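So this block is target_4.pdb, PDB, C-alpha atoms:
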```pdb
ATOM      1  CA  MET A   1     -29.475 -49.291  -5.572
ATOM      2  CA  THR A   2     -29.593 -52.283  -3.266
ATOM      3  CA  SER A   3     -31.438 -54.818  -5.427
ATOM      4  CA  ILE A   4     -30.124 -55.564  -8.930
ATOM      5  CA  LEU A   5     -30.840 -58.446 -11.295
ATOM      6  CA  ALA A   6     -28.203 -58.940 -13.999
ATOM      7  CA  LEU A   7     -28.214 -61.246 -17.028
ATOM      8  CA  ASP A   8     -25.601 -62.115 -19.639
ATOM      9  CA  THR A   9     -25.846 -64.461 -22.618
ATOM     10  CA  SER A  10     -23.415 -62.689 -24.953
ATOM     11  CA  THR A  11     -20.811 -65.466 -25.256
ATOM     12  CA  ASP A  12     -20.466 -69.208 -24.651
ATOM     13  CA  ALA A  13     -21.120 -68.471 -20.958
ATOM     14  CA  CYS A  14     -24.654 -67.962 -19.662
ATOM     15  CA  SER A  15     -25.146 -66.300 -16.295
ATOM     16  CA  ALA A  16     -27.592 -64.553 -14.003
ATOM     17  CA  ALA A  17     -26.926 -62.735 -10.728
ATOM     18  CA  LEU A  18     -29.153 -61.208  -8.083
ATOM     19  CA  ARG A  19     -27.893 -58.887  -5.386
ATOM     20  CA  ARG A  20     -30.526 -58.119  -2.780
ATOM     21  CA  ASP A  21     -30.273 -56.832   0.785
ATOM     22  CA  GLY A  22     -26.499 -57.113   0.674
ATOM     23  CA  MET A  23     -26.581 -60.759  -0.399
ATOM     24  CA  LEU A  24     -25.362 -61.982  -3.779
ATOM     25  CA  GLU A  25     -26.620 -65.135  -5.469
ATOM     26  CA  SER A  26     -25.597 -66.145  -8.967
ATOM     27  CA  ARG A  27     -25.702 -68.864 -11.577
ATOM     28  CA  TYR A  28     -23.054 -69.422 -14.252
ATOM     29  CA  GLN A  29     -22.505 -72.108 -16.852
ATOM     30  CA  VAL A  30     -20.494 -72.409 -20.058
ATOM     31  CA  LEU A  31     -22.775 -74.268 -22.446
ATOM     32  CA  PRO A  32     -22.973 -72.851 -25.992
ATOM     33  CA  ARG A  33     -26.296 -72.779 -27.858
ATOM     34  CA  LYS A  34     -28.328 -73.663 -24.763
ATOM     35  CA  HIS A  35     -28.739 -70.172 -23.347
ATOM     36  CA  ASN A  36     -32.459 -69.763 -23.936
ATOM     37  CA  HIS A  37     -33.252 -72.785 -21.760
ATOM     38  CA  LEU A  38     -30.464 -72.126 -19.273
ATOM     39  CA  LEU A  39     -31.281 -68.489 -18.603
ATOM     40  CA  PHE A  40     -34.895 -69.079 -17.699
ATOM     41  CA  SER A  41     -33.906 -72.028 -15.527
ATOM     42  CA  MET A  42     -31.461 -69.748 -13.706
ATOM     43  CA  LEU A  43     -34.130 -67.075 -13.259
ATOM     44  CA  ALA A  44     -36.514 -69.636 -11.798
ATOM     45  CA  GLU A  45     -33.870 -70.601  -9.248
ATOM     46  CA  LEU A  46     -32.958 -67.022  -8.341
ATOM     47  CA  LEU A  47     -36.590 -65.847  -8.230
ATOM     48  CA  PRO A  48     -38.605 -68.812  -6.912
ATOM     49  CA  GLN A  49     -41.493 -66.531  -5.919
ATOM     50  CA  GLY A  50     -41.419 -64.693  -9.223
ATOM     51  CA  ALA A  51     -39.902 -61.390 -10.253
ATOM     52  CA  ALA A  52     -42.860 -59.319  -9.080
ATOM     53  CA  ASP A  53     -42.217 -60.250  -5.432
ATOM     54  CA  ALA A  54     -38.429 -59.871  -5.560
ATOM     55  CA  ASN A  55     -38.316 -56.098  -4.887
ATOM     56  CA  ILE A  56     -35.859 -55.563  -7.737
ATOM     57  CA  GLU A  57     -34.864 -51.937  -8.309
ATOM     58  CA  LEU A  58     -32.659 -52.188 -11.389
ATOM     59  CA  LEU A  59     -32.153 -54.603 -14.274
ATOM     60  CA  ALA A  60     -28.809 -55.028 -16.046
ATOM     61  CA  TYR A  61     -27.716 -57.010 -19.075
ATOM     62  CA  GLY A  62     -24.657 -57.498 -21.238
ATOM     63  CA  HIS A  63     -25.666 -55.541 -24.321
ATOM     64  CA  GLY A  64     -22.757 -56.673 -26.476
ATOM     65  CA  PRO A  65     -20.751 -57.118 -28.476
ATOM     66  CA  GLY A  66     -21.064 -60.863 -28.748
ATOM     67  CA  SER A  67     -23.100 -63.664 -30.269
ATOM     68  CA  PHE A  68     -25.996 -62.425 -32.404
ATOM     69  CA  THR A  69     -28.424 -64.997 -31.000
ATOM     70  CA  GLY A  70     -27.079 -64.763 -27.461
ATOM     71  CA  LEU A  71     -27.460 -61.010 -27.287
ATOM     72  CA  ARG A  72     -31.083 -61.260 -28.367
ATOM     73  CA  ILE A  73     -31.866 -63.723 -25.563
ATOM     74  CA  ALA A  74     -30.700 -61.470 -22.725
ATOM     75  CA  ALA A  75     -32.159 -58.346 -24.329
ATOM     76  CA  SER A  76     -35.544 -60.010 -24.776
ATOM     77  CA  ALA A  77     -35.606 -61.296 -21.201
ATOM     78  CA  VAL A  78     -34.587 -57.956 -19.708
ATOM     79  CA  GLN A  79     -37.011 -56.002 -21.845
ATOM     80  CA  GLY A  80     -39.888 -58.262 -20.872
ATOM     81  CA  LEU A  81     -39.046 -57.866 -17.182
ATOM     82  CA  ALA A  82     -38.605 -54.106 -17.542
ATOM     83  CA  TYR A  83     -42.021 -53.723 -19.151
ATOM     84  CA  THR A  84     -43.700 -55.975 -16.606
ATOM     85  CA  LEU A  85     -42.076 -54.471 -13.524
ATOM     86  CA  GLY A  86     -41.707 -50.894 -14.736
ATOM     87  CA  LEU A  87     -37.971 -50.879 -14.000
ATOM     88  CA  PRO A  88     -34.996 -48.965 -15.431
ATOM     89  CA  VAL A  89     -32.289 -50.895 -17.259
ATOM     90  CA  ALA A  90     -28.505 -50.647 -17.458
ATOM     91  CA  GLY A  91     -27.007 -51.954 -20.684
ATOM     92  CA  VAL A  92     -23.368 -52.871 -20.038
ATOM     93  CA  SER A  93     -20.577 -53.588 -22.508
ATOM     94  CA  THR A  94     -19.618 -57.242 -22.659
ATOM     95  CA  LEU A  95     -15.989 -56.160 -22.940
ATOM     96  CA  ALA A  96     -16.258 -53.970 -19.836
ATOM     97  CA  CYS A  97     -17.833 -56.894 -17.968
ATOM     98  CA  LEU A  98     -14.913 -59.082 -19.014
ATOM     99  CA  ALA A  99     -12.439 -56.501 -17.699
ATOM    100  CA  GLN A 100     -14.401 -56.094 -14.437
ATOM    101  CA  GLY A 101     -14.349 -59.842 -13.922
ATOM    102  CA  ALA A 102     -10.579 -59.925 -14.275
ATOM    103  CA  LEU A 103     -10.317 -57.425 -11.423
ATOM    104  CA  ARG A 104     -12.676 -59.440  -9.204
ATOM    105  CA  ARG A 105     -10.715 -62.637  -9.815
ATOM    106  CA  GLY A 106      -7.390 -60.968  -9.076
ATOM    107  CA  VAL A 107      -6.096 -61.440 -12.618
ATOM    108  CA  VAL A 108      -5.435 -57.685 -12.712
ATOM    109  CA  ALA A 109      -5.148 -55.003 -10.052
ATOM    110  CA  GLU A 110      -6.147 -51.375  -9.599
ATOM    111  CA  GLY A 111      -3.868 -49.319 -11.824
ATOM    112  CA  ASP A 112      -3.552 -52.009 -14.493
ATOM    113  CA  ARG A 113      -5.015 -51.680 -17.946
ATOM    114  CA  VAL A 114      -6.889 -54.433 -19.768
ATOM    115  CA  LEU A 115      -7.105 -55.244 -23.459
ATOM    116  CA  THR A 116     -10.258 -57.340 -23.770
ATOM    117  CA  LEU A 117     -10.512 -59.537 -26.858
ATOM    118  CA  LEU A 118     -13.495 -61.641 -27.910
ATOM    119  CA  ASP A 119     -13.501 -63.928 -30.917
ATOM    120  CA  ALA A 120     -15.878 -62.320 -33.437
ATOM    121  CA  ARG A 121     -15.426 -65.170 -35.959
ATOM    122  CA  ILE A 122     -14.533 -64.595 -39.623
ATOM    123  CA  ASN A 123     -10.979 -63.772 -38.474
ATOM    124  CA  GLU A 124     -12.042 -60.693 -36.519
ATOM    125  CA  VAL A 125     -12.048 -59.676 -32.858
ATOM    126  CA  TYR A 126     -14.240 -57.517 -30.704
ATOM    127  CA  TRP A 127     -11.857 -55.479 -28.610
ATOM    128  CA  GLY A 128     -11.858 -52.850 -25.900
ATOM    129  CA  TYR A 129      -9.243 -51.119 -23.799
ATOM    130  CA  TYR A 130      -9.958 -50.361 -20.138
ATOM    131  CA  GLU A 131      -8.370 -49.010 -17.006
ATOM    132  CA  PHE A 132      -9.622 -49.154 -13.418
ATOM    133  CA  THR A 133     -10.633 -46.138 -11.367
ATOM    134  CA  ASP A 134     -12.042 -46.759  -7.889
ATOM    135  CA  GLY A 135     -12.573 -50.410  -8.754
ATOM    136  CA  ILE A 136     -14.566 -49.770 -11.928
ATOM    137  CA  ALA A 137     -13.472 -50.646 -15.479
ATOM    138  CA  ARG A 138     -13.587 -47.479 -17.561
ATOM    139  CA  ARG A 139     -13.013 -47.489 -21.281
ATOM    140  CA  LEU A 140     -10.080 -45.650 -22.799
ATOM    141  CA  VAL A 141     -11.383 -46.042 -26.358
ATOM    142  CA  SER A 142     -14.740 -47.098 -27.763
ATOM    143  CA  ASP A 143     -15.373 -50.834 -28.186
ATOM    144  CA  GLN A 144     -14.574 -51.914 -31.732
ATOM    145  CA  VAL A 145     -14.526 -54.869 -34.114
ATOM    146  CA  GLY A 146     -12.110 -55.711 -36.905
ATOM    147  CA  PRO A 147      -9.204 -57.874 -38.007
ATOM    148  CA  PRO A 148      -6.571 -58.323 -35.273
ATOM    149  CA  ALA A 149      -4.021 -56.504 -37.402
ATOM    150  CA  SER A 150      -6.251 -53.403 -37.463
ATOM    151  CA  LEU A 151      -5.678 -52.506 -33.797
ATOM    152  CA  PRO A 152      -3.915 -49.121 -33.520
ATOM    153  CA  LEU A 153      -0.139 -49.525 -33.390
ATOM    154  CA  ASP A 154       0.178 -47.086 -30.476
ATOM    155  CA  LEU A 155      -2.844 -48.386 -28.576
ATOM    156  CA  LEU A 156      -1.290 -49.723 -25.374
ATOM    157  CA  ALA A 157       0.341 -47.852 -22.541
ATOM    158  CA  GLY A 158       1.253 -48.788 -18.986
ATOM    159  CA  ASN A 159       0.870 -52.266 -17.499
ATOM    160  CA  THR A 160      -1.615 -54.046 -19.799
ATOM    161  CA  VAL A 161      -3.069 -57.542 -19.494
ATOM    162  CA  ALA A 162      -4.805 -59.093 -22.513
ATOM    163  CA  LEU A 163      -7.635 -61.553 -21.948
ATOM    164  CA  GLY A 164     -10.634 -63.216 -23.509
ATOM    165  CA  SER A 165     -11.468 -65.727 -26.230
ATOM    166  CA  GLY A 166      -9.915 -63.412 -28.825
ATOM    167  CA  LEU A 167      -6.481 -64.403 -27.564
ATOM    168  CA  VAL A 168      -6.580 -67.076 -30.264
ATOM    169  CA  TYR A 169      -5.639 -64.190 -32.576
ATOM    170  CA  PHE A 170      -2.873 -62.864 -30.334
ATOM    171  CA  ASP A 171      -0.110 -63.677 -32.811
ATOM    172  CA  ALA A 172      -1.984 -61.746 -35.514
ATOM    173  CA  LEU A 173      -2.015 -58.502 -33.493
ATOM    174  CA  PRO A 174       0.381 -55.753 -34.577
ATOM    175  CA  THR A 175       3.804 -56.461 -33.119
ATOM    176  CA  SER A 176       3.804 -53.146 -31.280
ATOM    177  CA  VAL A 177       0.581 -54.172 -29.516
ATOM    178  CA  SER A 178       1.478 -57.762 -28.604
ATOM    179  CA  ALA A 179       4.948 -56.696 -27.444
ATOM    180  CA  ALA A 180       3.407 -54.129 -25.073
ATOM    181  CA  VAL A 181       1.204 -56.730 -23.332
ATOM    182  CA  SER A 182       2.707 -57.641 -19.973
ATOM    183  CA  ASP A 183       0.590 -60.757 -19.437
ATOM    184  CA  THR A 184      -2.307 -62.756 -20.908
ATOM    185  CA  ALA A 185      -5.200 -64.605 -19.280
ATOM    186  CA  ALA A 186      -7.028 -67.211 -21.338
ATOM    187  CA  GLY A 187     -10.272 -68.898 -20.360
ATOM    188  CA  GLN A 188     -12.022 -65.706 -19.263
ATOM    189  CA  TRP A 189     -15.750 -65.241 -20.012
ATOM    190  CA  PRO A 190     -18.175 -62.500 -18.959
ATOM    191  CA  ASP A 191     -20.126 -63.176 -15.767
ATOM    192  CA  SER A 192     -23.306 -61.371 -14.673
ATOM    193  CA  VAL A 193     -21.813 -60.848 -11.210
ATOM    194  CA  ASP A 194     -19.510 -58.288 -12.797
ATOM    195  CA  LEU A 195     -22.355 -56.427 -14.467
ATOM    196  CA  ILE A 196     -23.605 -55.290 -11.076
ATOM    197  CA  PRO A 197     -20.899 -52.720 -10.147
ATOM    198  CA  LEU A 198     -20.897 -51.469 -13.738
ATOM    199  CA  ALA A 199     -24.696 -51.100 -13.664
ATOM    200  CA  GLU A 200     -24.451 -49.121 -10.438
ATOM    201  CA  GLN A 201     -21.946 -46.835 -12.111
ATOM    202  CA  SER A 202     -24.303 -46.417 -15.064
ATOM    203  CA  ALA A 203     -27.043 -45.404 -12.636
ATOM    204  CA  ALA A 204     -24.736 -42.890 -10.946
ATOM    205  CA  ASP A 205     -23.780 -41.475 -14.360
ATOM    206  CA  GLY A 206     -27.418 -41.130 -15.431
ATOM    207  CA  GLU A 207     -27.066 -43.658 -18.252
ATOM    208  CA  LEU A 208     -30.041 -45.925 -17.551
ATOM    209  CA  VAL A 209     -32.578 -46.681 -20.270
ATOM    210  CA  THR A 210     -36.246 -47.605 -20.424
ATOM    211  CA  ALA A 211     -37.688 -50.935 -21.534
ATOM    212  CA  GLN A 212     -38.423 -49.442 -24.942
ATOM    213  CA  GLU A 213     -34.768 -48.519 -25.418
ATOM    214  CA  VAL A 214     -33.308 -51.955 -24.686
ATOM    215  CA  GLN A 215     -31.335 -53.315 -27.626
ATOM    216  CA  PRO A 216     -28.140 -55.280 -28.291
ATOM    217  CA  ILE A 217     -24.974 -53.587 -29.505
ATOM    218  CA  TYR A 218     -23.471 -55.624 -32.318
ATOM    219  CA  LEU A 219     -20.746 -53.193 -33.532
ATOM    220  CA  ARG A 220     -20.972 -54.639 -37.038
ATOM    221  CA  ASN A 221     -22.848 -52.182 -39.232
ATOM    222  CA  GLU A 222     -24.229 -54.845 -41.543
ATOM    223  CA  ILE A 223     -26.344 -56.337 -38.744
ATOM    224  CA  HIS A 224     -29.509 -54.351 -38.239
ATOM    225  CA  TRP A 225     -31.410 -54.970 -35.029
ATOM    226  CA  LYS A 226     -35.169 -54.820 -35.279
ATOM    227  CA  LYS A 227     -35.915 -53.175 -31.969
ATOM    228  CA  LEU A 228     -37.902 -55.289 -29.589
ATOM    229  CA  SER A 229     -39.884 -52.165 -28.778
ATOM    230  CA  GLU A 230     -41.413 -52.356 -32.268
ATOM    231  CA  GLN A 231     -42.872 -55.713 -31.322
ATOM    232  CA  GLY A 232     -44.338 -54.463 -28.053
ATOM    233  CA  PRO A 233     -43.967 -56.023 -24.612
ATOM    234  CA  ARG A 234     -44.007 -59.778 -24.298
ATOM    235  CA  ALA A 235     -46.441 -61.587 -22.066
TER     236      ALA A 235
END
```
Could you write out this file's structure as structure tokens?
Amino acid sequence: MTSILALDTSTDACSAALRRDGMLESRYQVLPRKHNHLLFSMLAELLPQGAADANIELLAYGHGPGSFTGLRIAASAVQGLAYTLGLPVAGVSTLACLAQGALRRGVVAEGDRVLTLLDARINEVYWGYYEFTDGIARRLVSDQVGPPASLPLDLLAGNTVALGSGLVYFDALPTSVSAAVSDTAAGQWPDSVDLIPLAEQSAADGELVTAQEVQPIYLRNEIHWKKLSEQGPRA
């Protein structure tokens, strides 16, 4: 697909990216608790003539894990656009997006593995483990949440870089895990630019969803998402 609009508001970073006719334009800003205003400002800049005239073929969003409120903002925006434009949607793991961004920035290379860690508060981390195949971050285990000490003792193998806001808990990881990390990269946040190749892969794998199926992925079982589809499309 040549025209993709991607949105992410899952963490302290808010971003939007539009790839169309081989050209990529994006907006990115780290500004916690301002995402609702920021995102729609970014969309106005990327789509000055409106979404209906942008010839978008696919929508993508960071579906989580991440901030409860942040995830709802991107999901609501994408669902509204999907209903209005009749477009398919790719929901992409925030942790996969973080890993993909590390590859784009040159923090890691093809053949490396990435342990992505996001601060989940209450002394827990969201974590995922990825490797790269043909330039795409592919998960080795399912994304999970829990205390840092709960990571499997034999989790890591090969050259592994750990990154993300969850590095604040690095010293609390099992010794066998932290000792197997070859390098760390702090200050990394998800960016919508990195949702685009992952969304294309989702399309190739037949994993797209409809507007009605859009929903955040929280990982914590005690948080129950009232599906936006139950509320109907937004004007």
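When all atoms listed in the file are used to compute distances to Leu98 in chain A, the closest of the residues A:Leu43, A:Ala162, A:Ile4, A:Leu81 turns out to be A:Ala162.
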### Task
On this file, the PyMOL selection byres ((chain A and resi 126) around 9) gives some set of residues; write that set as a PyMOL selection string.
chain A and resi 65-66+95+116-120+124-125+127-128+143-148+166+219
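Proximity ranking of A:Ser76, A:Thr133, A:Ser93, A:Ser176 relative to Glu213 in chain A places A:Ser76 first, based on all atoms listed in the file.
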Would you mind listing what lies within 8 Å of Ser165 in chain A as a PDB file with C-alpha atoms, in the frame of the given file, with all atoms listed in the file counted and same-chain residues fewer than 2 positions away left out?
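Done, and the output landed in result-v7.pdb:
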```
ATOM      1  CA  LEU A 117     -10.512 -59.537 -26.858  1.00  0.00           C
ATOM      2  CA  LEU A 118     -13.495 -61.641 -27.910  1.00  0.00           C
ATOM      3  CA  ASP A 119     -13.501 -63.928 -30.917  1.00  0.00           C
ATOM      4  CA  LEU A 163      -7.635 -61.553 -21.948  1.00  0.00           C
ATOM      5  CA  LEU A 167      -6.481 -64.403 -27.564  1.00  0.00           C
ATOM      6  CA  VAL A 168      -6.580 -67.076 -30.264  1.00  0.00           C
ATOM      7  CA  ALA A 186      -7.028 -67.211 -21.338  1.00  0.00           C
ATOM      8  CA  GLY A 187     -10.272 -68.898 -20.360  1.00  0.00           C
ATOM      9  CA  GLN A 188     -12.022 -65.706 -19.263  1.00  0.00           C
ATOM     10  CA  TRP A 189     -15.750 -65.241 -20.012  1.00  0.00           C
TER      11      TRP A 189
END
```
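Straight-line separation from CA of Gly64 in chain A to CA of Val92 in chain A: 7.5 Å.
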### Query
When distances are computed from only C-alpha atoms, which of A:Ala82, A:Ile136, A:Met42, A:Ile73 shows the smallest separation from Glu57 in chain A?
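Ranking A:Ala82, A:Ile136, A:Met42, A:Ile73 by distance to Glu57 in chain A, first place goes to A:Ala82.
Comparing the minimum interatomic distances between Leu85 in chain A and each of A:Asn159, A:Ser142, A:Gln215, A:Thr210, counting only C-alpha atoms, we find that A:Thr210 sits nearest.
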Axis-aligned box for all listed atoms of range 41-45 of chain A, 8 Å per side, centre and edges in Å to one decimal, as lines of an AutoDock Vina configuration file:
```
center_x = -34.0
center_y = -69.6
center_z = -12.4
size_x = 21.1
size_y = 21.0
size_z = 22.3
```
### Task
Please indicate the distance in Å from CA of Pro216 in chain A to CA of Arg72 in chain A, rounded to one decimal place.
6.7 Å
To test your reading of the syntax: which residues would the PyMOL selection byres ((chain A and resi 100-107) around 7) return for the file shown? Reply as a PDB file with C-alpha atoms, in the frame of the given file.
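Below is the file result_17.pdb, written as the result:
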```
ATOM      1  CA  ALA A  96     -16.258 -53.970 -19.836  1.00  0.00           C
ATOM      2  CA  CYS A  97     -17.833 -56.894 -17.968  1.00  0.00           C
ATOM      3  CA  LEU A  98     -14.913 -59.082 -19.014  1.00  0.00           C
ATOM      4  CA  ALA A  99     -12.439 -56.501 -17.699  1.00  0.00           C
ATOM      5  CA  VAL A 108      -5.435 -57.685 -12.712  1.00  0.00           C
ATOM      6  CA  ALA A 109      -5.148 -55.003 -10.052  1.00  0.00           C
ATOM      7  CA  ILE A 136     -14.566 -49.770 -11.928  1.00  0.00           C
ATOM      8  CA  ALA A 137     -13.472 -50.646 -15.479  1.00  0.00           C
ATOM      9  CA  PRO A 190     -18.175 -62.500 -18.959  1.00  0.00           C
ATOM     10  CA  ASP A 191     -20.126 -63.176 -15.767  1.00  0.00           C
ATOM     11  CA  ASP A 194     -19.510 -58.288 -12.797  1.00  0.00           C
TER      12      ASP A 194
END
```
### Message
Measuring between all atoms listed in the file, which one of A:Thr94, A:Ser15, A:Gln29, A:Thr84 shows the shortest distance to Ile217 in chain A?
### Response
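Nearest to Ile217 in chain A: A:Thr94.
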Fix up range 23-33 of chain A with all heavy atoms, then write it as a PDB file, in the coordinates of the input.
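Result file is rebuild.pdb:
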```pdb
ATOM      1  N   MET A  23     -26.923 -59.377  -0.096  1.00  0.00           N
ATOM      2  CA  MET A  23     -26.581 -60.759  -0.399  1.00  0.00           C
ATOM      3  C   MET A  23     -26.523 -60.952  -1.911  1.00  0.00           C
ATOM      4  O   MET A  23     -27.355 -60.418  -2.646  1.00  0.00           O
ATOM      5  CB  MET A  23     -27.614 -61.711   0.204  1.00  0.00           C
ATOM      6  CG  MET A  23     -27.760 -61.573   1.717  1.00  0.00           C
ATOM      7  SD  MET A  23     -26.261 -62.059   2.613  1.00  0.00           S
ATOM      8  CE  MET A  23     -26.268 -63.830   2.286  1.00  0.00           C
ATOM      9  N   LEU A  24     -25.538 -61.728  -2.358  1.00  0.00           N
ATOM     10  CA  LEU A  24     -25.362 -61.982  -3.779  1.00  0.00           C
ATOM     11  C   LEU A  24     -25.545 -63.467  -4.073  1.00  0.00           C
ATOM     12  O   LEU A  24     -24.916 -64.320  -3.449  1.00  0.00           O
ATOM     13  CB  LEU A  24     -23.967 -61.543  -4.236  1.00  0.00           C
ATOM     14  CG  LEU A  24     -23.618 -61.818  -5.702  1.00  0.00           C
ATOM     15  CD1 LEU A  24     -24.510 -60.990  -6.627  1.00  0.00           C
ATOM     16  CD2 LEU A  24     -22.145 -61.520  -5.960  1.00  0.00           C
ATOM     17  N   GLU A  25     -26.417 -63.765  -5.022  1.00  0.00           N
ATOM     18  CA  GLU A  25     -26.620 -65.135  -5.469  1.00  0.00           C
ATOM     19  C   GLU A  25     -26.485 -65.147  -6.988  1.00  0.00           C
ATOM     20  O   GLU A  25     -26.990 -64.236  -7.663  1.00  0.00           O
ATOM     21  CB  GLU A  25     -28.004 -65.643  -5.062  1.00  0.00           C
ATOM     22  CG  GLU A  25     -28.207 -67.128  -5.310  1.00  0.00           C
ATOM     23  CD  GLU A  25     -29.545 -67.637  -4.799  1.00  0.00           C
ATOM     24  OE1 GLU A  25     -30.335 -66.822  -4.280  1.00  0.00           O
ATOM     25  OE2 GLU A  25     -29.789 -68.854  -4.938  1.00  0.00           O
ATOM     26  N   SER A  26     -25.825 -66.141  -7.517  1.00  0.00           N
ATOM     27  CA  SER A  26     -25.597 -66.145  -8.967  1.00  0.00           C
ATOM     28  C   SER A  26     -25.602 -67.560  -9.525  1.00  0.00           C
ATOM     29  O   SER A  26     -25.436 -68.543  -8.798  1.00  0.00           O
ATOM     30  CB  SER A  26     -24.273 -65.456  -9.303  1.00  0.00           C
ATOM     31  OG  SER A  26     -23.170 -66.187  -8.787  1.00  0.00           O
ATOM     32  N   ARG A  27     -25.782 -67.626 -10.827  1.00  0.00           N
ATOM     33  CA  ARG A  27     -25.702 -68.864 -11.577  1.00  0.00           C
ATOM     34  C   ARG A  27     -24.818 -68.608 -12.792  1.00  0.00           C
ATOM     35  O   ARG A  27     -24.903 -67.558 -13.423  1.00  0.00           O
ATOM     36  CB  ARG A  27     -27.086 -69.332 -12.032  1.00  0.00           C
ATOM     37  CG  ARG A  27     -28.059 -69.622 -10.895  1.00  0.00           C
ATOM     38  CD  ARG A  27     -27.650 -70.860 -10.119  1.00  0.00           C
ATOM     39  NE  ARG A  27     -28.635 -71.219  -9.104  1.00  0.00           N
ATOM     40  CZ  ARG A  27     -28.683 -70.718  -7.882  1.00  0.00           C
ATOM     41  NH1 ARG A  27     -27.770 -69.818  -7.512  1.00  0.00           N
ATOM     42  NH2 ARG A  27     -29.601 -71.092  -7.017  1.00  0.00           N
ATOM     43  N   TYR A  28     -24.001 -69.598 -13.149  1.00  0.00           N
ATOM     44  CA  TYR A  28     -23.054 -69.422 -14.252  1.00  0.00           C
ATOM     45  C   TYR A  28     -22.761 -70.782 -14.859  1.00  0.00           C
ATOM     46  O   TYR A  28     -22.494 -71.755 -14.144  1.00  0.00           O
ATOM     47  CB  TYR A  28     -21.761 -68.797 -13.717  1.00  0.00           C
ATOM     48  CG  TYR A  28     -20.637 -68.659 -14.731  1.00  0.00           C
ATOM     49  CD1 TYR A  28     -20.476 -67.491 -15.463  1.00  0.00           C
ATOM     50  CD2 TYR A  28     -19.730 -69.698 -14.934  1.00  0.00           C
ATOM     51  CE1 TYR A  28     -19.444 -67.357 -16.375  1.00  0.00           C
ATOM     52  CE2 TYR A  28     -18.695 -69.580 -15.847  1.00  0.00           C
ATOM     53  CZ  TYR A  28     -18.558 -68.404 -16.563  1.00  0.00           C
ATOM     54  OH  TYR A  28     -17.534 -68.279 -17.467  1.00  0.00           O
ATOM     55  N   GLN A  29     -22.827 -70.853 -16.188  1.00  0.00           N
ATOM     56  CA  GLN A  29     -22.505 -72.108 -16.852  1.00  0.00           C
ATOM     57  C   GLN A  29     -22.030 -71.820 -18.280  1.00  0.00           C
ATOM     58  O   GLN A  29     -22.597 -70.982 -18.981  1.00  0.00           O
ATOM     59  CB  GLN A  29     -23.716 -73.041 -16.903  1.00  0.00           C
ATOM     60  CG  GLN A  29     -23.367 -74.454 -17.356  1.00  0.00           C
ATOM     61  CD  GLN A  29     -24.527 -75.422 -17.155  1.00  0.00           C
ATOM     62  OE1 GLN A  29     -25.538 -75.088 -16.546  1.00  0.00           O
ATOM     63  NE2 GLN A  29     -24.382 -76.630 -17.662  1.00  0.00           N
ATOM     64  N   VAL A  30     -20.976 -72.511 -18.686  1.00  0.00           N
ATOM     65  CA  VAL A  30     -20.494 -72.409 -20.058  1.00  0.00           C
ATOM     66  C   VAL A  30     -21.101 -73.572 -20.835  1.00  0.00           C
ATOM     67  O   VAL A  30     -20.716 -74.728 -20.650  1.00  0.00           O
ATOM     68  CB  VAL A  30     -18.949 -72.453 -20.127  1.00  0.00           C
ATOM     69  CG1 VAL A  30     -18.480 -72.408 -21.577  1.00  0.00           C
ATOM     70  CG2 VAL A  30     -18.352 -71.306 -19.329  1.00  0.00           C
ATOM     71  N   LEU A  31     -22.068 -73.245 -21.678  1.00  0.00           N
ATOM     72  CA  LEU A  31     -22.775 -74.268 -22.446  1.00  0.00           C
ATOM     73  C   LEU A  31     -23.338 -73.601 -23.700  1.00  0.00           C
ATOM     74  O   LEU A  31     -24.471 -73.122 -23.714  1.00  0.00           O
ATOM     75  CB  LEU A  31     -23.907 -74.890 -21.623  1.00  0.00           C
ATOM     76  CG  LEU A  31     -24.564 -76.139 -22.195  1.00  0.00           C
ATOM     77  CD1 LEU A  31     -23.552 -77.271 -22.327  1.00  0.00           C
ATOM     78  CD2 LEU A  31     -25.730 -76.579 -21.320  1.00  0.00           C
ATOM     79  N   PRO A  32     -22.554 -73.545 -24.765  1.00  0.00           N
ATOM     80  CA  PRO A  32     -22.973 -72.851 -25.992  1.00  0.00           C
ATOM     81  C   PRO A  32     -24.288 -73.384 -26.557  1.00  0.00           C
ATOM     82  O   PRO A  32     -24.585 -74.567 -26.449  1.00  0.00           O
ATOM     83  CB  PRO A  32     -21.811 -73.115 -26.962  1.00  0.00           C
ATOM     84  CG  PRO A  32     -20.643 -73.435 -26.083  1.00  0.00           C
ATOM     85  CD  PRO A  32     -21.210 -74.136 -24.885  1.00  0.00           C
ATOM     86  N   ARG A  33     -25.060 -72.471 -27.142  1.00  0.00           N
ATOM     87  CA  ARG A  33     -26.296 -72.779 -27.858  1.00  0.00           C
ATOM     88  C   ARG A  33     -27.395 -73.360 -26.980  1.00  0.00           C
ATOM     89  O   ARG A  33     -28.360 -73.933 -27.484  1.00  0.00           O
ATOM     90  CB  ARG A  33     -26.007 -73.712 -29.047  1.00  0.00           C
ATOM     91  CG  ARG A  33     -25.137 -73.072 -30.108  1.00  0.00           C
ATOM     92  CD  ARG A  33     -24.837 -74.022 -31.239  1.00  0.00           C
ATOM     93  NE  ARG A  33     -24.027 -75.155 -30.808  1.00  0.00           N
ATOM     94  CZ  ARG A  33     -22.705 -75.114 -30.676  1.00  0.00           C
ATOM     95  NH1 ARG A  33     -22.049 -73.994 -30.917  1.00  0.00           N
ATOM     96  NH2 ARG A  33     -22.029 -76.178 -30.280  1.00  0.00           N
TER      97      ARG A  33
END
```
